[in-house]
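Shown next: model03.tsv, containing TSV, N, CA and C atoms.
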chain	number	residue	atom	x	y	z
A	8	MET	N	-31.99	-55.84	-72.92
A	8	MET	CA	-31.14	-56.82	-72.26
A	8	MET	C	-31.74	-58.21	-72.35
A	9	VAL	N	-33.07	-58.31	-72.40
A	9	VAL	CA	-33.71	-59.61	-72.52
A	9	VAL	C	-33.27	-60.28	-73.82
A	10	ASP	N	-33.18	-59.49	-74.90
A	10	ASP	CA	-32.72	-60.04	-76.18
A	10	ASP	C	-31.30	-60.59	-76.07
A	11	GLN	N	-30.46	-59.90	-75.32
A	11	GLN	CA	-29.08	-60.36	-75.15
A	11	GLN	C	-29.05	-61.68	-74.39
A	12	ILE	N	-29.91	-61.83	-73.40
A	12	ILE	CA	-29.98	-63.08	-72.63
A	12	ILE	C	-30.50	-64.20	-73.52
A	13	GLU	N	-31.50	-63.90	-74.34
A	13	GLU	CA	-32.00	-64.91	-75.28
A	13	GLU	C	-30.94	-65.30	-76.29
A	14	ASP	N	-30.18	-64.31	-76.78
A	14	ASP	CA	-29.09	-64.60	-77.72
A	14	ASP	C	-28.03	-65.48	-77.06
A	15	MET	N	-27.70	-65.17	-75.81
A	15	MET	CA	-26.71	-65.96	-75.08
A	15	MET	C	-27.20	-67.40	-74.93
A	16	THR	N	-28.47	-67.55	-74.57
A	16	THR	CA	-29.05	-68.89	-74.39
A	16	THR	C	-28.97	-69.68	-75.69
A	17	GLN	N	-29.34	-69.03	-76.80
A	17	GLN	CA	-29.30	-69.71	-78.10
A	17	GLN	C	-27.87	-70.08	-78.49
A	18	SER	N	-26.94	-69.18	-78.26
A	18	SER	CA	-25.53	-69.46	-78.59
A	18	SER	C	-25.00	-70.63	-77.77
A	19	LEU	N	-25.31	-70.65	-76.50
A	19	LEU	CA	-24.86	-71.75	-75.65
A	19	LEU	C	-25.48	-73.07	-76.09
A	20	THR	N	-26.75	-73.03	-76.46
A	20	THR	CA	-27.43	-74.24	-76.95
A	20	THR	C	-26.78	-74.73	-78.24
A	21	ASP	N	-26.49	-73.79	-79.13
A	21	ASP	CA	-25.84	-74.16	-80.40
A	21	ASP	C	-24.45	-74.75	-80.19
A	22	ILE	N	-23.69	-74.15	-79.30
A	22	ILE	CA	-22.33	-74.66	-79.01
A	22	ILE	C	-22.41	-76.05	-78.40
A	23	ALA	N	-23.32	-76.23	-77.44
A	23	ALA	CA	-23.46	-77.54	-76.80
A	23	ALA	C	-23.88	-78.59	-77.83
A	24	SER	N	-24.76	-78.22	-78.73
A	24	SER	CA	-25.21	-79.15	-79.77
A	24	SER	C	-24.05	-79.53	-80.69
A	25	LEU	N	-23.26	-78.55	-81.08
A	25	LEU	CA	-22.09	-78.80	-81.92
A	25	LEU	C	-21.10	-79.74	-81.20
A	26	LEU	N	-20.89	-79.49	-79.93
A	26	LEU	CA	-19.97	-80.34	-79.16
A	26	LEU	C	-20.53	-81.76	-79.02
A	27	ARG	N	-21.85	-81.87	-78.84
A	27	ARG	CA	-22.48	-83.20	-78.73
A	27	ARG	C	-22.31	-83.96	-80.05
A	28	THR	N	-22.57	-83.25	-81.16
A	28	THR	CA	-22.42	-83.87	-82.49
A	28	THR	C	-20.99	-84.32	-82.73
A	29	SER	N	-20.05	-83.54	-82.23
A	29	SER	CA	-18.62	-83.87	-82.40
A	29	SER	C	-18.13	-84.86	-81.35
A	30	ARG	N	-19.03	-85.31	-80.50
A	30	ARG	CA	-18.72	-86.27	-79.43
A	30	ARG	C	-17.65	-85.75	-78.48
A	31	GLU	N	-17.72	-84.45	-78.24
A	31	GLU	CA	-16.82	-83.81	-77.27
A	31	GLU	C	-17.58	-83.66	-75.95
A	32	VAL	N	-17.83	-84.80	-75.29
A	32	VAL	CA	-18.69	-84.85	-74.12
A	32	VAL	C	-18.17	-83.98	-72.98
A	33	SER	N	-16.85	-84.08	-72.70
A	33	SER	CA	-16.33	-83.26	-71.58
A	33	SER	C	-16.47	-81.78	-71.87
A	34	LEU	N	-16.24	-81.36	-73.10
A	34	LEU	CA	-16.40	-79.94	-73.44
A	34	LEU	C	-17.88	-79.53	-73.39
A	35	GLU	N	-18.76	-80.43	-73.80
A	35	GLU	CA	-20.19	-80.14	-73.72
A	35	GLU	C	-20.61	-79.94	-72.26
A	36	VAL	N	-20.17	-80.82	-71.39
A	36	VAL	CA	-20.48	-80.69	-69.96
A	36	VAL	C	-19.93	-79.37	-69.43
A	37	PHE	N	-18.70	-79.05	-69.82
A	37	PHE	CA	-18.07	-77.80	-69.38
A	37	PHE	C	-18.87	-76.58	-69.85
A	38	ILE	N	-19.25	-76.54	-71.14
A	38	ILE	CA	-19.96	-75.37	-71.67
A	38	ILE	C	-21.36	-75.27	-71.04
A	39	ASN	N	-21.99	-76.40	-70.77
A	39	ASN	CA	-23.30	-76.36	-70.11
A	39	ASN	C	-23.18	-75.80	-68.68
A	40	ASP	N	-22.16	-76.23	-67.97
A	40	ASP	CA	-21.93	-75.73	-66.61
A	40	ASP	C	-21.60	-74.23	-66.63
A	41	LEU	N	-20.68	-73.86	-67.48
A	41	LEU	CA	-20.31	-72.45	-67.61
A	41	LEU	C	-21.50	-71.61	-68.07
A	42	GLY	N	-22.27	-72.15	-69.00
A	42	GLY	CA	-23.44	-71.45	-69.51
A	42	GLY	C	-24.47	-71.17	-68.45
A	43	ARG	N	-24.75	-72.14	-67.59
A	43	ARG	CA	-25.71	-71.94	-66.50
A	43	ARG	C	-25.28	-70.81	-65.59
A	44	LYS	N	-24.00	-70.78	-65.27
A	44	LYS	CA	-23.48	-69.73	-64.39
A	44	LYS	C	-23.55	-68.36	-65.07
A	45	ALA	N	-23.19	-68.31	-66.34
A	45	ALA	CA	-23.24	-67.04	-67.09
A	45	ALA	C	-24.67	-66.55	-67.21
A	46	LEU	N	-25.61	-67.46	-67.47
A	46	LEU	CA	-27.02	-67.06	-67.58
A	46	LEU	C	-27.56	-66.58	-66.23
A	47	LEU	N	-27.16	-67.22	-65.17
A	47	LEU	CA	-27.58	-66.78	-63.84
A	47	LEU	C	-27.12	-65.36	-63.58
A	48	MET	N	-25.86	-65.08	-63.88
A	48	MET	CA	-25.32	-63.74	-63.68
A	48	MET	C	-26.00	-62.72	-64.58
A	49	ALA	N	-26.27	-63.09	-65.82
A	49	ALA	CA	-26.94	-62.17	-66.76
A	49	ALA	C	-28.36	-61.85	-66.28
A	50	CYS	N	-29.07	-62.86	-65.81
A	50	CYS	CA	-30.44	-62.64	-65.31
A	50	CYS	C	-30.41	-61.79	-64.04
A	51	ALA	N	-29.48	-62.07	-63.15
A	51	ALA	CA	-29.36	-61.27	-61.92
A	51	ALA	C	-29.06	-59.82	-62.25
A	52	SER	N	-28.18	-59.60	-63.20
A	52	SER	CA	-27.84	-58.24	-63.62
A	52	SER	C	-29.06	-57.54	-64.22
A	53	TYR	N	-29.81	-58.28	-65.02
A	53	TYR	CA	-31.03	-57.72	-65.63
A	53	TYR	C	-32.02	-57.27	-64.55
A	54	PHE	N	-32.29	-58.14	-63.57
A	54	PHE	CA	-33.25	-57.79	-62.52
A	54	PHE	C	-32.74	-56.64	-61.66
A	55	GLU	N	-31.45	-56.58	-61.41
A	55	GLU	CA	-30.89	-55.45	-60.67
A	55	GLU	C	-31.13	-54.16	-61.45
A	56	HIS	N	-30.88	-54.19	-62.74
A	56	HIS	CA	-31.09	-53.01	-63.58
A	56	HIS	C	-32.56	-52.58	-63.56
A	57	VAL	N	-33.47	-53.51	-63.73
A	57	VAL	CA	-34.90	-53.19	-63.78
A	57	VAL	C	-35.38	-52.64	-62.43
A	58	LEU	N	-35.02	-53.30	-61.34
A	58	LEU	CA	-35.48	-52.85	-60.02
A	58	LEU	C	-34.93	-51.48	-59.65
A	59	THR	N	-33.64	-51.27	-59.86
A	59	THR	CA	-33.06	-49.97	-59.49
A	59	THR	C	-33.63	-48.86	-60.37
A	60	LYS	N	-33.84	-49.15	-61.65
A	60	LYS	CA	-34.42	-48.16	-62.56
A	60	LYS	C	-35.85	-47.82	-62.15
A	61	ASP	N	-36.63	-48.83	-61.78
A	61	ASP	CA	-38.01	-48.60	-61.37
A	61	ASP	C	-38.10	-47.80	-60.07
A	62	VAL	N	-37.25	-48.10	-59.12
A	62	VAL	CA	-37.26	-47.35	-57.85
A	62	VAL	C	-36.87	-45.90	-58.12
A	63	GLN	N	-35.82	-45.69	-58.91
A	63	GLN	CA	-35.41	-44.31	-59.21
A	63	GLN	C	-36.49	-43.58	-60.00
A	64	SER	N	-37.11	-44.24	-60.94
A	64	SER	CA	-38.19	-43.61	-61.73
A	64	SER	C	-39.35	-43.20	-60.85
A	65	PHE	N	-39.68	-44.03	-59.86
A	65	PHE	CA	-40.76	-43.68	-58.94
A	65	PHE	C	-40.44	-42.38	-58.21
A	66	PHE	N	-39.23	-42.28	-57.67
A	66	PHE	CA	-38.86	-41.06	-56.94
A	66	PHE	C	-38.74	-39.86	-57.88
A	67	ASP	N	-38.23	-40.07	-59.07
A	67	ASP	CA	-38.15	-38.98	-60.04
A	67	ASP	C	-39.55	-38.48	-60.40
A	68	ASP	N	-40.49	-39.41	-60.56
A	68	ASP	CA	-41.88	-39.03	-60.87
A	68	ASP	C	-42.53	-38.29	-59.72
A	69	GLN	N	-42.22	-38.71	-58.50
A	69	GLN	CA	-42.84	-38.09	-57.32
A	69	GLN	C	-42.28	-36.70	-57.03
A	70	PHE	N	-40.98	-36.55	-57.19
A	70	PHE	CA	-40.33	-35.31	-56.77
A	70	PHE	C	-39.71	-34.52	-57.92
A	71	GLY	N	-39.45	-35.18	-59.05
A	71	GLY	CA	-38.69	-34.56	-60.13
A	71	GLY	C	-37.25	-35.01	-60.00
A	72	SER	N	-36.62	-35.31	-61.11
A	72	SER	CA	-35.27	-35.90	-61.07
A	72	SER	C	-34.22	-34.95	-60.50
A	73	SER	N	-34.50	-33.65	-60.51
A	73	SER	CA	-33.51	-32.70	-59.98
A	73	SER	C	-33.76	-32.34	-58.51
A	74	HIS	N	-34.82	-32.89	-57.94
A	74	HIS	CA	-35.14	-32.60	-56.53
A	74	HIS	C	-34.10	-33.27	-55.62
A	75	PRO	N	-33.73	-32.61	-54.53
A	75	PRO	CA	-32.73	-33.20	-53.62
A	75	PRO	C	-33.13	-34.58	-53.09
A	76	ALA	N	-34.42	-34.81	-52.86
A	76	ALA	CA	-34.85	-36.12	-52.34
A	76	ALA	C	-34.56	-37.22	-53.37
A	77	ALA	N	-34.81	-36.93	-54.63
A	77	ALA	CA	-34.52	-37.92	-55.67
A	77	ALA	C	-33.02	-38.17	-55.75
A	78	HIS	N	-32.24	-37.13	-55.55
A	78	HIS	CA	-30.78	-37.28	-55.58
A	78	HIS	C	-30.30	-38.14	-54.41
A	79	VAL	N	-30.85	-37.91	-53.23
A	79	VAL	CA	-30.46	-38.71	-52.06
A	79	VAL	C	-30.78	-40.18	-52.31
A	80	VAL	N	-31.95	-40.44	-52.85
A	80	VAL	CA	-32.33	-41.83	-53.15
A	80	VAL	C	-31.33	-42.43	-54.14
A	81	ARG	N	-30.99	-41.69	-55.17
A	81	ARG	CA	-30.06	-42.18	-56.20
A	81	ARG	C	-28.69	-42.50	-55.58
A	82	VAL	N	-28.19	-41.60	-54.74
A	82	VAL	CA	-26.83	-41.75	-54.21
A	82	VAL	C	-26.76	-42.70	-53.02
A	83	LYS	N	-27.71	-42.60	-52.09
A	83	LYS	CA	-27.61	-43.37	-50.84
A	83	LYS	C	-28.47	-44.62	-50.79
A	84	ALA	N	-29.49	-44.72	-51.62
A	84	ALA	CA	-30.35	-45.90	-51.56
A	84	ALA	C	-30.18	-46.83	-52.75
A	85	ILE	N	-29.70	-46.30	-53.86
A	85	ILE	CA	-29.62	-47.12	-55.07
A	85	ILE	C	-28.19	-47.40	-55.48
A	86	SER	N	-27.40	-46.38	-55.67
A	86	SER	CA	-26.05	-46.56	-56.19
A	86	SER	C	-25.23	-47.48	-55.29
A	87	ARG	N	-24.84	-48.62	-55.83
A	87	ARG	CA	-24.01	-49.61	-55.13
A	87	ARG	C	-24.65	-50.15	-53.84
A	88	GLN	N	-25.97	-50.11	-53.79
A	88	GLN	CA	-26.66	-50.57	-52.58
A	88	GLN	C	-27.60	-51.75	-52.84
A	89	TYR	N	-27.77	-52.14	-54.09
A	89	TYR	CA	-28.74	-53.18	-54.44
A	89	TYR	C	-28.55	-54.44	-53.59
A	90	HIS	N	-27.32	-54.83	-53.37
A	90	HIS	CA	-27.04	-56.06	-52.63
A	90	HIS	C	-27.58	-56.00	-51.19
A	91	THR	N	-27.81	-54.79	-50.66
A	91	THR	CA	-28.32	-54.66	-49.29
A	91	THR	C	-29.85	-54.70	-49.24
A	92	TRP	N	-30.50	-54.70	-50.39
A	92	TRP	CA	-31.96	-54.68	-50.43
A	92	TRP	C	-32.57	-56.02	-50.05
A	93	PHE	N	-31.81	-57.09	-50.09
A	93	PHE	CA	-32.34	-58.43	-49.89
A	93	PHE	C	-31.52	-59.17	-48.84
A	94	ASP	N	-32.17	-60.12	-48.18
A	94	ASP	CA	-31.47	-61.04	-47.30
A	94	ASP	C	-31.19	-62.27	-48.16
A	95	TRP	N	-29.99	-62.35	-48.70
A	95	TRP	CA	-29.65	-63.35	-49.70
A	95	TRP	C	-29.65	-64.78	-49.14
A	96	ASP	N	-29.64	-64.92	-47.81
A	96	ASP	CA	-29.67	-66.26	-47.22
A	96	ASP	C	-31.09	-66.80	-47.09
A	97	LYS	N	-32.09	-65.98	-47.38
A	97	LYS	CA	-33.48	-66.42	-47.27
A	97	LYS	C	-34.10	-66.48	-48.67
A	98	SER	N	-35.08	-67.33	-48.81
A	98	SER	CA	-35.71	-67.51	-50.13
A	98	SER	C	-36.99	-66.67	-50.24
A	99	ASN	N	-36.91	-65.42	-49.78
A	99	ASN	CA	-38.05	-64.52	-49.92
A	99	ASN	C	-37.54	-63.09	-50.08
A	100	ALA	N	-38.47	-62.20	-50.40
A	100	ALA	CA	-38.11	-60.79	-50.62
A	100	ALA	C	-38.62	-59.91	-49.49
A	101	ASN	N	-38.83	-60.47	-48.32
A	101	ASN	CA	-39.41	-59.71	-47.20
A	101	ASN	C	-38.58	-58.49	-46.81
A	102	LYS	N	-37.27	-58.60	-46.84
A	102	LYS	CA	-36.43	-57.44	-46.50
A	102	LYS	C	-36.67	-56.31	-47.50
A	103	PHE	N	-36.76	-56.66	-48.78
A	103	PHE	CA	-37.04	-55.66	-49.81
A	103	PHE	C	-38.41	-55.02	-49.58
A	104	PHE	N	-39.42	-55.84	-49.35
A	104	PHE	CA	-40.76	-55.31	-49.09
A	104	PHE	C	-40.76	-54.40	-47.87
A	105	GLY	N	-40.00	-54.76	-46.84
A	105	GLY	CA	-39.94	-53.99	-45.60
A	105	GLY	C	-39.35	-52.60	-45.78
A	106	MET	N	-38.57	-52.40	-46.83
A	106	MET	CA	-38.00	-51.07	-47.08
A	106	MET	C	-39.09	-50.04	-47.37
A	107	PHE	N	-40.26	-50.50	-47.76
A	107	PHE	CA	-41.35	-49.60	-48.13
A	107	PHE	C	-42.38	-49.45	-47.01
A	108	GLY	N	-42.05	-49.95	-45.83
A	108	GLY	CA	-42.91	-49.80	-44.67
A	108	GLY	C	-43.61	-51.09	-44.29
A	109	ALA	N	-44.03	-51.16	-43.03
A	109	ALA	CA	-44.64	-52.38	-42.49
A	109	ALA	C	-45.94	-52.73	-43.19
A	110	GLU	N	-46.75	-51.73	-43.48
A	110	GLU	CA	-48.05	-51.99	-44.11
A	110	GLU	C	-47.86	-52.58	-45.52
A	111	PHE	N	-46.95	-51.98	-46.29
A	111	PHE	CA	-46.68	-52.49	-47.64
A	111	PHE	C	-46.09	-53.90	-47.55
A	112	SER	N	-45.18	-54.12	-46.62
A	112	SER	CA	-44.56	-55.42	-46.46
A	112	SER	C	-45.61	-56.49	-46.17
A	113	LYS	N	-46.50	-56.20	-45.25
A	113	LYS	CA	-47.56	-57.16	-44.91
A	113	LYS	C	-48.44	-57.43	-46.13
A	114	TRP	N	-48.80	-56.39	-46.85
A	114	TRP	CA	-49.65	-56.52	-48.04
A	114	TRP	C	-48.96	-57.40	-49.09
A	115	MET	N	-47.67	-57.15	-49.33
A	115	MET	CA	-46.94	-57.93	-50.34
A	115	MET	C	-46.76	-59.39	-49.90
A	116	GLN	N	-46.51	-59.62	-48.63
A	116	GLN	CA	-46.37	-60.99	-48.16
A	116	GLN	C	-47.68	-61.76	-48.34
A	117	GLU	N	-48.80	-61.09	-48.13
A	117	GLU	CA	-50.10	-61.73	-48.37
A	117	GLU	C	-50.30	-62.02	-49.85
A	118	LYS	N	-49.87	-61.08	-50.72
A	118	LYS	CA	-49.98	-61.28	-52.16
A	118	LYS	C	-49.13	-62.49	-52.61
A	119	VAL	N	-47.93	-62.59	-52.06
A	119	VAL	CA	-47.04	-63.69	-52.43
A	119	VAL	C	-47.65	-65.02	-51.97
A	120	ARG	N	-48.19	-65.04	-50.77
A	120	ARG	CA	-48.82	-66.28	-50.27
A	120	ARG	C	-49.98	-66.70	-51.16
A	121	GLY	N	-50.71	-65.70	-51.69
A	121	GLY	CA	-51.88	-65.98	-52.55
A	121	GLY	C	-51.46	-66.47	-53.89
Whole structure given in structure tokens:
Amino acid sequence: MVDQIEDMTQSLTDIASLLRTSREVSLEVFINDLGRKALLMACASYFEHVLTKDVQSFFDDQFGSSHPAAHVVRVKAISRQYHTWFDWDKSNANKFFGMFGAEFSKWMQEKVRG
């Protein structure tokens, strides 16, 4: 997916350059604005994919992918739940860290401060 994001970035840069060369300033501004939004969504999707995959892999490794605990995590903690992992109004990941317990949360907050 990183390659796809890099390809998108290059394509948007090329289009903006072509529009600049053609003196299509309003279209260049439009494509740059649209491009920023599309890249933001692509990056957000990428991080959602990586985080959910890593959490599921951890539980699969601990219990085995066919274990009921791994299934519960997949269905009730991961599937369609990513948006609840974070407090989107705050500029930190403390809510996410807190899902793994108070001790882990404190440790991660200290790491982030460092």
Problem - Shortest interatomic distance to Phe66 in chain A - which of A:Val9, A:Val80, A:Leu47, A:Ile85, counting only N, CA and C atoms - result: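 Once distances to Phe66 in chain A are computed over only N, CA and C atoms, the minimum belongs to A:Val80.
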Handout entry: Contacts of range 11-26 of chain A within 9 Å, only C-alpha atoms, excl. fewer than 4 positions in-chain, as a list of chain:residue names
Key =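 Selected residues are A:Arg30, A:Glu31, A:Val32, A:Ser33, A:Leu34, A:Glu35, A:Val36, A:Ile38, A:Asn39, A:Gly42, A:Ala45, A:Leu46, A:Ala49, A:Cys50, A:Tyr53.
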Practice task
State, in Å with one decimal place, the distance from CA of Gln63 in chain A to CA of Ala84 in chain A.
Solution key: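 A separation of 9.3 Å between them.
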Exercise for the section: Skip Trp114 in chain A itself and residues of its chain fewer than 6 positions away, then list as a list in words all residues within 12 Å of it, counting only C-alpha atoms. Expected result: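 After dropping sequence-adjacent residues, the list is Asn101, Phe104, Gly105, Phe107, Gly108, Arg120 and Gly121 of chain A.
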Exercise for the section: Using atom N of Lys118 in chain A and CA of Lys83 in chain A as the two end points, give the distance in Å to one decimal. Expected result: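 CA of Lys83 in chain A lies 28.4 Å from atom N of Lys118 in chain A.
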Exercise for the section: Assign secondary structure with DSSP using the backbone only, and return the residues of range 29-101 of chain A in alpha helix (DSSP H) as a PyMOL selection string. Expected result: chain A and resi 32-70+75-79+101
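Separating CA of Asp10 in chain A from atom C of Ser52 in chain A is a distance of 12.8 Å.
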Problem - From A:Val119, A:Val62, A:Met8, A:Met48, residue lying nearest Tyr89 in chain A [only C-alpha atoms] - result: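 The closest residue to Tyr89 in chain A is A:Val62.
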